[in-house]
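Chemist: Next up, upload.txt (compact mmCIF, C-alpha atoms (C1' of nucleotides)).
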# COMPACT_ATOMS: atom_id res chain seq x y z
CA MET B 283 -18.40 -27.89 -26.01
CA LYS B 284 -15.77 -28.45 -23.37
CA GLU B 285 -15.85 -25.21 -21.42
CA THR B 286 -12.28 -25.41 -20.17
CA THR B 287 -9.24 -26.76 -21.89
CA ARG B 288 -6.39 -28.13 -19.84
CA GLY B 289 -4.16 -25.08 -20.15
CA ALA B 290 -6.87 -22.59 -19.35
CA SER B 291 -7.68 -23.78 -15.87
CA THR B 292 -4.11 -24.38 -14.78
CA ALA B 293 -3.08 -20.86 -15.75
CA ARG B 294 -5.88 -19.40 -13.67
CA GLN B 295 -4.98 -21.67 -10.77
CA GLN B 296 -1.34 -20.74 -11.01
CA ILE B 297 -2.14 -17.04 -10.93
CA LEU B 298 -4.44 -17.43 -7.94
CA ASP B 299 -1.94 -19.56 -6.03
CA THR B 300 0.85 -17.08 -6.57
CA ALA B 301 -1.34 -14.10 -5.72
CA SER B 302 -2.52 -15.83 -2.55
CA THR B 303 0.97 -16.30 -1.20
CA LEU B 304 2.02 -12.78 -2.08
CA PHE B 305 -1.11 -11.09 -0.74
CA TYR B 306 -0.99 -13.07 2.48
CA HIS B 307 2.68 -12.41 3.13
CA ASN B 308 3.06 -8.84 1.96
CA GLY B 309 -0.39 -7.29 1.98
CA PHE B 310 -2.69 -6.27 -0.82
CA ARG B 311 -1.32 -2.86 -1.62
CA ALA B 312 2.28 -3.96 -1.36
CA VAL B 313 1.95 -6.55 -4.13
CA GLY B 314 1.89 -5.35 -7.71
CA ILE B 315 0.39 -7.07 -10.70
CA ASP B 316 3.81 -7.25 -12.32
CA THR B 317 5.17 -9.23 -9.37
CA ILE B 318 2.31 -11.70 -9.59
CA VAL B 319 2.89 -12.04 -13.31
CA GLU B 320 6.60 -12.69 -12.88
CA GLN B 321 6.28 -15.21 -10.06
CA SER B 322 3.36 -17.08 -11.56
CA GLY B 323 5.16 -17.47 -14.88
CA VAL B 324 2.18 -16.45 -16.99
CA ALA B 325 1.82 -13.52 -19.33
CA LYS B 326 0.26 -10.32 -18.13
CA MET B 327 -2.51 -10.55 -20.70
CA THR B 328 -3.44 -13.99 -19.39
CA LEU B 329 -3.84 -12.62 -15.90
CA TYR B 330 -6.07 -9.83 -17.14
CA ARG B 331 -8.09 -12.32 -19.12
CA TYR B 332 -9.09 -14.20 -15.97
CA PHE B 333 -9.12 -11.25 -13.61
CA PRO B 334 -10.10 -8.02 -15.38
CA SER B 335 -8.78 -5.89 -12.50
CA LYS B 336 -6.67 -6.25 -9.40
CA ASP B 337 -9.78 -5.93 -7.27
CA ASP B 338 -11.27 -8.90 -9.08
CA LEU B 339 -8.19 -10.90 -8.23
CA ILE B 340 -8.40 -9.81 -4.61
CA VAL B 341 -12.04 -10.84 -4.48
CA ALA B 342 -11.25 -14.25 -5.96
CA TYR B 343 -8.46 -14.69 -3.43
CA LEU B 344 -10.64 -13.73 -0.47
CA GLU B 345 -13.48 -15.96 -1.60
CA ARG B 346 -11.14 -18.91 -1.90
CA SER B 347 -9.59 -18.05 1.47
CA ASN B 348 -13.03 -18.13 3.02
CA LEU B 349 -13.65 -21.60 1.63
CA SER B 350 -10.24 -22.75 2.88
CA PHE B 351 -11.04 -21.44 6.32
CA TRP B 352 -14.23 -23.46 6.54
CA ASP B 353 -12.44 -26.55 5.31
CA TRP B 354 -9.95 -26.06 8.09
CA PHE B 355 -12.75 -25.39 10.53
CA LYS B 356 -14.56 -28.65 9.74
CA GLN B 357 -11.37 -30.59 10.01
CA ALA B 358 -10.50 -28.95 13.33
CA ILE B 359 -13.77 -29.92 15.00
CA ALA B 360 -14.05 -33.33 13.35
CA PRO B 361 -12.29 -35.27 16.17
CA ALA B 362 -14.96 -34.05 18.58
CA GLY B 363 -17.79 -35.84 16.78
CA ASP B 364 -21.27 -34.38 17.08
CA ASP B 365 -20.99 -32.87 20.53
CA SER B 366 -20.97 -29.07 20.15
CA HIS B 367 -19.42 -28.57 23.54
CA ARG B 368 -16.44 -30.76 22.65
CA GLN B 369 -16.32 -29.24 19.19
CA LEU B 370 -15.75 -25.82 20.71
CA TYR B 371 -12.91 -27.14 22.82
CA ALA B 372 -11.39 -28.82 19.78
CA LEU B 373 -11.79 -25.68 17.71
CA PHE B 374 -9.70 -23.57 20.03
CA GLU B 375 -7.07 -26.25 20.32
CA GLY B 376 -7.02 -26.04 16.53
CA VAL B 377 -6.64 -22.27 16.59
CA ALA B 378 -3.66 -22.52 18.92
CA ALA B 379 -2.07 -25.18 16.72
CA LEU B 380 -2.69 -23.15 13.59
CA CYS B 381 -1.15 -20.03 15.11
CA ALA B 382 1.86 -22.05 16.23
CA SER B 383 2.57 -23.28 12.72
CA PRO B 384 5.37 -21.37 10.99
CA GLN B 385 3.39 -20.61 7.87
CA CYS B 386 0.64 -18.81 9.81
CA LEU B 387 0.70 -15.06 9.36
CA GLY B 388 -2.58 -14.18 10.97
CA CYS B 389 -6.01 -13.66 9.45
CA THR B 390 -6.11 -12.33 5.92
CA PHE B 391 -9.57 -10.87 6.48
CA GLN B 392 -8.22 -8.67 9.24
CA HIS B 393 -5.64 -7.41 6.80
CA ALA B 394 -8.26 -6.85 4.12
CA ALA B 395 -10.40 -4.80 6.47
CA ALA B 396 -7.39 -2.71 7.48
CA ASP B 397 -6.12 -2.26 3.92
CA PHE B 398 -9.54 -1.30 2.57
CA PRO B 399 -11.18 0.90 5.18
CA SER B 400 -14.11 1.88 3.01
CA LEU B 401 -17.10 -0.33 3.68
CA ASP B 402 -17.93 -0.11 0.00
CA HIS B 403 -14.77 -1.82 -1.09
CA PRO B 404 -15.37 -5.51 -1.91
CA GLY B 405 -12.33 -6.44 0.17
CA HIS B 406 -13.83 -4.95 3.32
CA ARG B 407 -17.24 -6.34 2.51
CA LEU B 408 -15.92 -9.88 2.11
CA ALA B 409 -13.97 -9.57 5.35
CA LEU B 410 -17.13 -8.54 7.15
CA ASP B 411 -19.07 -11.39 5.59
CA HIS B 412 -16.44 -13.83 6.73
CA LYS B 413 -16.51 -12.64 10.32
CA ARG B 414 -20.29 -12.63 10.36
CA GLN B 415 -20.28 -16.23 9.19
CA ALA B 416 -17.85 -17.06 11.98
CA LEU B 417 -20.05 -15.35 14.54
CA GLU B 418 -23.10 -17.20 13.31
CA ARG B 419 -21.36 -20.57 13.32
CA LEU B 420 -20.03 -20.03 16.83
CA ARG B 421 -23.45 -18.91 18.02
CA GLU B 422 -24.97 -22.05 16.57
CA MET B 423 -22.46 -24.27 18.34
CA ALA B 424 -22.87 -22.36 21.60
CA ALA B 425 -26.63 -22.75 21.38
CA ASN B 426 -26.35 -26.46 20.67
CA ALA B 427 -24.06 -26.80 23.65
CA GLY B 428 -26.70 -25.25 25.87
CA ALA B 429 -25.36 -21.74 26.41
CA PRO B 430 -27.89 -19.46 28.11
CA ASP B 431 -26.63 -16.55 26.00
CA PRO B 432 -25.12 -18.06 22.86
CA VAL B 433 -24.70 -14.71 21.08
CA ALA B 434 -22.59 -13.30 23.90
CA LEU B 435 -20.50 -16.44 24.13
CA ALA B 436 -19.94 -16.50 20.37
CA GLU B 437 -18.84 -12.88 20.40
CA GLN B 438 -16.42 -13.46 23.24
CA LEU B 439 -14.95 -16.47 21.51
CA LEU B 440 -14.42 -14.55 18.30
CA LEU B 441 -12.55 -11.88 20.24
CA LEU B 442 -10.15 -14.56 21.40
CA MET B 443 -9.77 -16.06 17.95
CA ASP B 444 -8.98 -12.73 16.33
CA GLY B 445 -6.66 -11.84 19.15
CA ALA B 446 -4.76 -15.05 18.53
CA PHE B 447 -4.35 -14.24 14.85
CA VAL B 448 -3.07 -10.78 15.70
CA ALA B 449 -0.53 -12.31 18.07
CA SER B 450 0.53 -14.76 15.40
CA ARG B 451 1.10 -12.05 12.84
CA MET B 452 3.06 -9.87 15.21
CA PHE B 453 5.18 -12.33 17.16
CA GLY B 454 5.39 -15.30 14.82
CA LYS B 455 4.91 -18.91 15.79
CA ASP B 456 5.98 -18.54 19.44
CA SER B 457 3.39 -15.97 20.34
CA HIS B 458 0.94 -15.72 23.20
CA ALA B 459 -1.66 -17.10 20.81
CA ARG B 460 -0.97 -20.40 22.56
CA GLN B 461 -3.05 -19.08 25.48
CA VAL B 462 -6.19 -19.03 23.34
CA THR B 463 -7.05 -22.61 24.23
CA GLN B 464 -6.93 -21.98 27.96
CA ALA B 465 -8.82 -18.70 27.71
CA ALA B 466 -11.55 -20.22 25.55
CA ALA B 467 -11.85 -23.17 27.91
CA LEU B 468 -12.46 -20.80 30.80
CA LEU B 469 -15.16 -18.94 28.90
CA LEU B 470 -16.77 -22.23 27.89
CA ASP B 471 -16.61 -23.69 31.40
CA THR B 472 -18.29 -20.63 32.81
CA GLN B 473 -21.02 -20.30 30.21
CA LEU B 474 -21.90 -23.83 29.24
CA PRO B 475 -23.55 -26.54 31.31
CA PRO B 476 -20.94 -29.12 32.39
CA LEU B 477 -20.03 -31.93 30.01
CA HIS B 478 -22.13 -34.99 30.74
CA MET T 280 20.41 29.74 21.20
CA LYS T 281 16.73 28.95 21.29
CA GLU T 282 16.52 25.73 19.35
CA THR T 283 12.92 26.13 18.23
CA THR T 284 11.09 29.24 17.17
CA ARG T 285 7.34 29.34 17.36
CA GLY T 286 6.72 28.57 13.71
CA ALA T 287 9.10 25.67 13.57
CA SER T 288 7.38 23.52 16.16
CA THR T 289 3.85 24.19 14.95
CA ALA T 290 4.73 23.14 11.41
CA ARG T 291 6.13 19.86 12.65
CA GLN T 292 3.08 19.37 14.85
CA GLN T 293 0.75 20.12 11.98
CA ILE T 294 2.48 17.60 9.75
CA LEU T 295 2.39 14.92 12.41
CA ASP T 296 -1.26 15.55 13.23
CA THR T 297 -2.29 15.32 9.60
CA ALA T 298 -0.18 12.23 8.97
CA SER T 299 -1.64 10.57 12.06
CA THR T 300 -5.20 10.93 10.89
CA LEU T 301 -4.39 9.79 7.38
CA PHE T 302 -2.26 6.82 8.42
CA TYR T 303 -4.80 5.66 10.96
CA HIS T 304 -7.74 5.93 8.62
CA ASN T 305 -6.25 4.76 5.35
CA GLY T 306 -3.16 2.75 6.19
CA PHE T 307 0.51 3.51 5.75
CA ARG T 308 0.99 2.46 2.17
CA ALA T 309 -2.23 4.05 1.01
CA VAL T 310 -1.21 7.54 2.09
CA GLY T 311 1.28 9.46 -0.04
CA ILE T 312 3.57 12.25 1.03
CA ASP T 313 1.84 14.61 -1.38
CA THR T 314 -1.49 14.03 0.35
CA ILE T 315 0.02 14.79 3.74
CA VAL T 316 1.61 17.93 2.31
CA GLU T 317 -1.66 19.11 0.83
CA GLN T 318 -3.81 18.45 3.87
CA SER T 319 -1.34 19.80 6.39
CA GLY T 320 -0.93 23.02 4.46
CA VAL T 321 2.86 23.07 4.69
CA ALA T 322 5.40 22.94 1.92
CA LYS T 323 6.91 19.65 0.87
CA MET T 324 10.40 20.80 1.75
CA THR T 325 9.26 21.60 5.27
CA LEU T 326 8.00 18.09 5.71
CA TYR T 327 11.28 16.64 4.50
CA ARG T 328 13.19 18.94 6.80
CA TYR T 329 11.52 17.45 9.88
CA PHE T 330 11.12 13.93 8.54
CA PRO T 331 13.89 13.01 6.10
CA SER T 332 11.92 10.03 4.80
CA LYS T 333 8.43 8.60 4.94
CA ASP T 334 9.66 5.87 7.25
CA ASP T 335 10.90 8.52 9.67
CA LEU T 336 7.46 10.06 9.66
CA ILE T 337 5.88 6.67 10.28
CA VAL T 338 8.25 6.06 13.17
CA ALA T 339 7.44 9.43 14.71
CA TYR T 340 3.73 8.70 14.33
CA LEU T 341 3.99 5.28 15.94
CA GLU T 342 6.10 6.57 18.81
CA ARG T 343 3.58 9.29 19.52
CA SER T 344 0.74 6.78 19.22
CA ASN T 345 2.44 4.62 21.80
CA LEU T 346 2.62 7.55 24.20
CA SER T 347 -1.02 8.38 23.54
CA PHE T 348 -1.98 4.81 24.27
CA TRP T 349 -0.30 4.89 27.67
CA ASP T 350 -1.91 8.21 28.47
CA TRP T 351 -5.25 6.65 27.69
CA PHE T 352 -4.31 3.58 29.71
CA LYS T 353 -3.48 5.57 32.81
CA GLN T 354 -6.65 7.53 32.54
CA ALA T 355 -8.73 4.38 32.04
CA ILE T 356 -7.50 2.73 35.23
CA ALA T 357 -7.39 5.91 37.31
CA PRO T 358 -10.93 5.56 38.75
CA ALA T 359 -9.90 2.23 40.26
CA GLY T 360 -7.30 3.77 42.52
CA ASP T 361 -4.35 1.61 43.56
CA ASP T 362 -6.07 -1.77 43.55
CA SER T 363 -4.70 -3.78 40.61
CA HIS T 364 -7.67 -6.10 40.58
CA ARG T 365 -10.08 -3.21 40.18
CA GLN T 366 -7.74 -1.54 37.73
CA LEU T 367 -7.99 -4.56 35.43
CA TYR T 368 -11.76 -4.42 35.53
CA ALA T 369 -11.69 -0.71 34.80
CA LEU T 370 -9.22 -1.23 31.98
CA PHE T 371 -11.51 -3.55 30.08
CA GLU T 372 -14.48 -1.32 30.63
CA GLY T 373 -12.30 1.34 29.07
CA VAL T 374 -11.45 -0.87 26.10
CA ALA T 375 -15.12 -1.51 25.42
CA ALA T 376 -15.89 2.20 25.68
CA LEU T 377 -13.00 3.09 23.39
CA CYS T 378 -14.09 0.56 20.77
CA ALA T 379 -17.63 1.89 20.94
CA SER T 380 -16.53 5.42 20.14
CA PRO T 381 -17.08 6.41 16.53
CA GLN T 382 -13.53 7.62 15.96
CA CYS T 383 -12.02 4.27 16.92
CA LEU T 384 -10.65 2.35 13.98
CA GLY T 385 -8.80 -0.38 15.78
CA CYS T 386 -5.19 -0.64 16.82
CA THR T 387 -2.68 1.13 14.63
CA PHE T 388 0.09 -1.23 15.74
CA GLN T 389 -1.82 -4.17 14.36
CA HIS T 390 -2.00 -2.34 11.05
CA ALA T 391 1.70 -1.51 11.17
CA ALA T 392 2.60 -5.15 11.75
CA ALA T 393 0.40 -6.21 8.86
CA ASP T 394 1.61 -3.47 6.51
CA PHE T 395 5.27 -4.12 7.28
CA PRO T 396 5.70 -7.89 7.54
CA SER T 397 9.47 -7.77 7.73
CA LEU T 398 10.67 -7.85 11.31
CA ASP T 399 13.49 -5.53 10.30
CA HIS T 400 11.19 -2.71 9.34
CA PRO T 401 10.96 -0.09 12.08
CA GLY T 402 7.18 -0.13 11.78
CA HIS T 403 6.97 -3.78 12.69
CA ARG T 404 9.59 -3.41 15.39
CA LEU T 405 7.72 -0.56 17.08
CA ALA T 406 4.49 -2.54 16.90
CA LEU T 407 6.17 -5.46 18.61
CA ASP T 408 7.66 -3.19 21.24
CA HIS T 409 4.25 -1.74 21.95
CA LYS T 410 2.62 -5.13 22.42
CA ARG T 411 5.47 -6.32 24.59
CA GLN T 412 5.01 -3.29 26.80
CA ALA T 413 1.32 -4.08 27.03
CA LEU T 414 2.04 -7.69 27.98
CA GLU T 415 4.49 -6.60 30.62
CA ARG T 416 2.12 -4.04 32.10
CA LEU T 417 -0.73 -6.53 32.23
CA ARG T 418 1.54 -9.13 33.80
CA GLU T 419 2.56 -6.63 36.44
CA MET T 420 -1.04 -5.83 37.25
CA ALA T 421 -2.01 -9.50 37.30
CA ALA T 422 0.85 -10.26 39.66
CA ASN T 423 -0.11 -7.40 41.95
CA ALA T 424 -3.66 -8.68 41.99
CA GLY T 425 -2.45 -12.06 43.16
CA ALA T 426 -2.71 -14.16 40.02
CA PRO T 427 -1.06 -17.56 40.41
CA ASP T 428 0.10 -17.39 36.78
CA PRO T 429 0.29 -13.70 35.88
CA VAL T 430 2.02 -14.30 32.53
CA ALA T 431 -0.75 -16.58 31.32
CA LEU T 432 -3.44 -14.20 32.49
CA ALA T 433 -1.73 -11.23 30.86
CA GLU T 434 -1.46 -13.10 27.57
CA GLN T 435 -5.11 -14.09 27.66
CA LEU T 436 -6.18 -10.54 28.39
CA LEU T 437 -4.12 -9.18 25.51
CA LEU T 438 -5.84 -11.65 23.18
CA LEU T 439 -9.16 -10.13 24.21
CA MET T 440 -7.94 -6.59 23.83
CA ASP T 441 -6.57 -7.15 20.34
CA GLY T 442 -9.69 -9.06 19.38
CA ALA T 443 -11.76 -6.07 20.44
CA PHE T 444 -9.70 -3.73 18.26
CA VAL T 445 -10.11 -6.05 15.29
CA ALA T 446 -13.86 -6.09 15.82
CA SER T 447 -13.88 -2.32 16.05
CA ARG T 448 -12.00 -1.90 12.79
CA MET T 449 -14.20 -4.35 10.93
CA PHE T 450 -17.66 -3.65 12.22
CA GLY T 451 -17.39 -0.07 13.44
CA LYS T 452 -18.72 1.26 16.71
CA ASP T 453 -21.50 -1.31 17.16
CA SER T 454 -19.25 -4.33 17.10
CA HIS T 455 -18.98 -7.34 19.35
CA ALA T 456 -16.04 -5.54 20.99
CA ARG T 457 -18.58 -4.62 23.66
CA GLN T 458 -18.28 -8.21 24.93
CA VAL T 459 -14.66 -7.64 25.91
CA THR T 460 -15.63 -6.40 29.37
CA GLN T 461 -17.65 -9.47 30.20
CA ALA T 462 -15.06 -11.87 28.78
CA ALA T 463 -12.21 -10.20 30.65
CA ALA T 464 -14.24 -10.23 33.85
CA LEU T 465 -14.72 -13.98 33.53
CA LEU T 466 -11.00 -14.54 33.01
CA LEU T 467 -10.22 -12.31 35.98
CA ASP T 468 -12.80 -13.94 38.23
CA THR T 469 -11.38 -17.36 37.48
CA GLN T 470 -7.72 -16.48 37.84
CA LEU T 471 -7.58 -13.90 40.58
CA PRO T 472 -8.36 -14.31 44.28
CA PRO T 473 -11.73 -12.73 45.09
CA LEU T 474 -11.92 -9.01 45.75
CA HIS T 475 -11.64 -8.35 49.49
C1' DA Z 236 20.57 47.01 8.18
C1' DG Z 237 22.27 42.59 7.74
C1' DT Z 238 22.55 37.69 8.93
C1' DT Z 239 20.50 33.46 9.78
C1' DA Z 240 16.92 30.16 10.08
C1' DT Z 241 12.33 28.82 8.59
C1' DA Z 242 8.99 28.25 5.36
C1' DT Z 243 7.05 28.54 0.55
C1' DA Z 244 6.33 27.48 -4.40
C1' DT Z 245 7.31 24.88 -8.16
C1' DA Z 246 9.48 21.92 -11.14
C1' DC Z 247 11.43 17.64 -11.90
C1' DA Z 248 14.09 13.09 -11.80
C1' DG Z 249 13.48 8.33 -11.64
C1' DG Z 250 10.83 4.71 -10.25
C1' DT Z 251 6.49 1.91 -9.80
C1' DC Z 252 1.69 1.23 -10.41
C1' DT Z 253 -2.60 -0.52 -13.15
C1' DG Z 254 -4.28 -1.53 -17.29
C1' DT Z 255 -4.11 -1.65 -22.60
C1' DA Z 256 -2.41 -2.30 -27.30
C1' DT Z 257 -0.18 -5.05 -30.66
C1' DA Z 258 1.94 -8.71 -32.75
C1' DG Z 259 3.21 -13.34 -32.63
C1' DT Z 260 3.32 -18.57 -31.11
C1' DG Z 261 1.47 -23.07 -30.43
C1' DT Z 262 -2.38 -26.36 -30.36
C1' DC Z 263 -6.43 -28.60 -31.43
C1' DA Z 264 -10.33 -29.62 -34.38
C1' DA Z 265 -13.08 -29.57 -38.49
C1' DT D 236 -5.41 -26.26 -44.59
C1' DT D 237 -7.89 -23.26 -42.20
C1' DG D 238 -9.73 -21.15 -38.32
C1' DA D 239 -10.55 -20.67 -33.45
C1' DC D 240 -8.59 -20.23 -29.18
C1' DA D 241 -5.25 -19.86 -25.26
C1' DC D 242 -1.23 -18.00 -24.27
C1' DT D 243 3.20 -15.29 -24.81
C1' DA D 244 6.18 -11.22 -25.33
C1' DT D 245 6.87 -6.58 -25.29
C1' DA D 246 5.98 -1.94 -25.45
C1' DC D 247 3.54 1.72 -23.71
C1' DA D 248 0.08 5.24 -21.72
C1' DG D 249 -1.05 7.78 -17.86
C1' DA D 250 -1.12 8.11 -13.18
C1' DC D 251 1.09 8.19 -8.81
C1' DC D 252 5.09 7.52 -5.78
C1' DT D 253 9.36 9.23 -2.97
C1' DG D 254 12.69 12.38 -2.71
C1' DT D 255 15.57 16.47 -4.60
C1' DA D 256 16.76 20.95 -6.69
C1' DT D 257 16.15 25.78 -7.06
C1' DA D 258 14.74 30.15 -6.18
C1' DT D 259 12.19 33.12 -3.15
C1' DA D 260 9.81 35.13 0.82
C1' DT D 261 9.42 36.03 5.82
C1' DA D 262 10.62 36.62 10.42
C1' DA D 263 13.78 37.00 14.40
C1' DC D 264 17.92 38.31 16.40
C1' DT D 265 22.38 41.05 16.45
Would you kindly transcribe this structure into structure tokens?
Modeler:
Amino acid sequence: MKETTRGASTARQQILDTASTLFYHNGFRAVGIDTIVEQSGVAKMTLYRYFPSKDDLIVAYLERSNLSFWDWFKQAIAPAGDDSHRQLYALFEGVAALCASPQCLGCTFQHAAADFPSLDHPGHRLALDHKRQALERLREMAANAGAPDPVALAEQLLLLMDGAFVASRMFGKDSHARQVTQAAALLLDTQLPPLH
Amino acid sequence: MKETTRGASTARQQILDTASTLFYHNGFRAVGIDTIVEQSGVAKMTLYRYFPSKDDLIVAYLERSNLSFWDWFKQAIAPAGDDSHRQLYALFEGVAALCASPQCLGCTFQHAAADFPSLDHPGHRLALDHKRQALERLREMAANAGAPDPVALAEQLLLLMDGAFVASRMFGKDSHARQVTQAAALLLDTQLPPLH
DNA sequence: AGTTATATATACAGGTCTGTATAGTGTCAA
DNA sequence: TTGACACTATACAGACCTGTATATATAACT
């Protein structure tokens, strides 16, 4: 049998799209199910069919956000080809550009960790997973680029990246997040062998 | 007339202390007035006498948090004496130590900005004010230390500091926030004239 | 003793929240 | 035509939220 009819998947998509915007802009606790129902144009029972609880919806949103992040990540480093050193430069140019875009409101995983302090909550757990993935990916790139201590470099770079997202959330598109490129470049220049 | 009797000020203090812990741990929206009333041991009407609305209580909390931060700041740079260059080193050793302490749960102004996205909300406004003060203070120190571009250096350092607080909130006391000292030192070494 | 200010206890109004219950509509396929 | 399925519309339960109303107790100062 066809497992999804046309209407079924679009309703779910519509709910998730609406919830994403609302969660990202207003925070998880500030957005009620009723608001998502109204703005998505579906019936409440349809929402609860696809997402049995609000937490389930939050989890679906965060999982999709994680995938979106890695799509963005790949695209940001793509111009640098296969050279990890250049990829890291390109990445932090991408971060600055992202934070300068008007629709950027910081990192949703930061907000999830703050909104759900308990480590048991799936929101906090997914936020942690996301940051661990970021650390691992940065470590890998740093190692490929020849860093003597790739773990340390990756951790320092993630500090800058998260700092940039904080700045973006607080100050908007004209924040000091623009300095992330320069700061990352200095860390890279000091801890990587020179570009050949 | 004496404007405050003994009991009056301790009740207000008790309310503010309790609210501080709860807001910092659980977030602003997650904590209800009734919870603060219960845990502080005062009557609800007493709370509303000192703080006519929850927003007023939040404002009082954030203003006191700002003062606490600058107390901590002064104490963190005190061992470095009057030398701005050494003060900046000491500051970021202090940030790493703070983030490594078990009671650290990140920066409450980050949480305020995320919880209250509207720039009109006093919570967001106070968060912005706090970060602007931090930028200005760092710029001043960078200038005193002889930085050719003190604004840029201050902005880069604030990225690191906020990144460290994010790490602390997410990962707890054993986070990559420890790398903030090393990263800041590299930025300082590159952008300040050498220590005499 | 009497006045005033401070704090308590408790109940409640009116709103919002998550999640459920119920009944009905429209569509597609056998 | 019948039945299965996705979706809609609406009402509601039960909890929690902010803020107020009311009546009372306590303590200090005159």
Chemist: Could you please select, counting only C-alpha atoms, the residues of chain T within 9 Å of chain B and state them as a PDB file with C-alpha atoms, in the frame of the given file?
Modeler:
ATOM      1  CA  HIS T 304      -7.740   5.930   8.620  1.00  0.00           C
ATOM      2  CA  ASN T 305      -6.250   4.760   5.350  1.00  0.00           C
ATOM      3  CA  GLY T 306      -3.160   2.750   6.190  1.00  0.00           C
ATOM      4  CA  PHE T 307       0.510   3.510   5.750  1.00  0.00           C
ATOM      5  CA  ARG T 308       0.990   2.460   2.170  1.00  0.00           C
ATOM      6  CA  ALA T 309      -2.230   4.050   1.010  1.00  0.00           C
ATOM      7  CA  LEU T 384     -10.650   2.350  13.980  1.00  0.00           C
ATOM      8  CA  GLY T 385      -8.800  -0.380  15.780  1.00  0.00           C
ATOM      9  CA  GLN T 389      -1.820  -4.170  14.360  1.00  0.00           C
ATOM     10  CA  HIS T 390      -2.000  -2.340  11.050  1.00  0.00           C
ATOM     11  CA  ALA T 392       2.600  -5.150  11.750  1.00  0.00           C
ATOM     12  CA  ALA T 393       0.400  -6.210   8.860  1.00  0.00           C
ATOM     13  CA  ASP T 394       1.610  -3.470   6.510  1.00  0.00           C
ATOM     14  CA  PHE T 395       5.270  -4.120   7.280  1.00  0.00           C
ATOM     15  CA  PRO T 396       5.700  -7.890   7.540  1.00  0.00           C
ATOM     16  CA  SER T 397       9.470  -7.770   7.730  1.00  0.00           C
ATOM     17  CA  LEU T 398      10.670  -7.850  11.310  1.00  0.00           C
ATOM     18  CA  HIS T 403       6.970  -3.780  12.690  1.00  0.00           C
ATOM     19  CA  ALA T 406       4.490  -2.540  16.900  1.00  0.00           C
ATOM     20  CA  LEU T 407       6.170  -5.460  18.610  1.00  0.00           C
ATOM     21  CA  LYS T 410       2.620  -5.130  22.420  1.00  0.00           C
ATOM     22  CA  ALA T 431      -0.750 -16.580  31.320  1.00  0.00           C
ATOM     23  CA  LEU T 432      -3.440 -14.200  32.490  1.00  0.00           C
ATOM     24  CA  GLU T 434      -1.460 -13.100  27.570  1.00  0.00           C
ATOM     25  CA  GLN T 435      -5.110 -14.090  27.660  1.00  0.00           C
ATOM     26  CA  LEU T 436      -6.180 -10.540  28.390  1.00  0.00           C
ATOM     27  CA  LEU T 437      -4.120  -9.180  25.510  1.00  0.00           C
ATOM     28  CA  LEU T 438      -5.840 -11.650  23.180  1.00  0.00           C
ATOM     29  CA  LEU T 439      -9.160 -10.130  24.210  1.00  0.00           C
ATOM     30  CA  MET T 440      -7.940  -6.590  23.830  1.00  0.00           C
ATOM     31  CA  ASP T 441      -6.570  -7.150  20.340  1.00  0.00           C
ATOM     32  CA  GLY T 442      -9.690  -9.060  19.380  1.00  0.00           C
ATOM     33  CA  ALA T 443     -11.760  -6.070  20.440  1.00  0.00           C
ATOM     34  CA  PHE T 444      -9.700  -3.730  18.260  1.00  0.00           C
ATOM     35  CA  VAL T 445     -10.110  -6.050  15.290  1.00  0.00           C
ATOM     36  CA  ALA T 446     -13.860  -6.090  15.820  1.00  0.00           C
ATOM     37  CA  ARG T 448     -12.000  -1.900  12.790  1.00  0.00           C
ATOM     38  CA  MET T 449     -14.200  -4.350  10.930  1.00  0.00           C
ATOM     39  CA  PHE T 450     -17.660  -3.650  12.220  1.00  0.00           C
ATOM     40  CA  HIS T 455     -18.980  -7.340  19.350  1.00  0.00           C
ATOM     41  CA  ALA T 456     -16.040  -5.540  20.990  1.00  0.00           C
ATOM     42  CA  ARG T 457     -18.580  -4.620  23.660  1.00  0.00           C
ATOM     43  CA  GLN T 458     -18.280  -8.210  24.930  1.00  0.00           C
ATOM     44  CA  VAL T 459     -14.660  -7.640  25.910  1.00  0.00           C
ATOM     45  CA  GLN T 461     -17.650  -9.470  30.200  1.00  0.00           C
ATOM     46  CA  ALA T 462     -15.060 -11.870  28.780  1.00  0.00           C
ATOM     47  CA  LEU T 465     -14.720 -13.980  33.530  1.00  0.00           C
ATOM     48  CA  LEU T 466     -11.000 -14.540  33.010  1.00  0.00           C
ATOM     49  CA  THR T 469     -11.380 -17.360  37.480  1.00  0.00           C
TER      50      THR T 469
END
Chemist: Please check the contacts: residues of chain B at most 9 Å away from chain Z, using all atoms listed in the file, listed as a ChimeraX atom specification.
Modeler: /B:314-316,330,334-336
Chemist: Restricting the calculation to all atoms listed in the file, which member of B:Val377, B:Ala293, B:Ile359, B:Val341 is positioned closest to chain D?
Modeler: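 Smallest separation from chain D among the options: B:Ala293.
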Chemist: Determine which residues of chain D sit within 9 Å of chain B, taking into account all atoms listed in the file, and present them as number ranges by chain.
Modeler: D: 241-244
Chemist: Mind dumping the selected residues with C-alpha atoms (C1' of nucleotides) as a CSV table (one decimal), keeping the file's coordinate frame?
Modeler:
chain,number,residue,atom,x,y,z
D,241,DA,C1',-5.2,-19.9,-25.3
D,242,DC,C1',-1.2,-18.0,-24.3
D,243,DT,C1',3.2,-15.3,-24.8
D,244,DA,C1',6.2,-11.2,-25.3
Chemist: Would you compute the distance between atom CA of Ser322 of chain B and atom CA of Thr300 of chain B? Give it in Å to one decimal.
Modeler: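 Rounded to one decimal, the two atoms are 5.6 Å apart.
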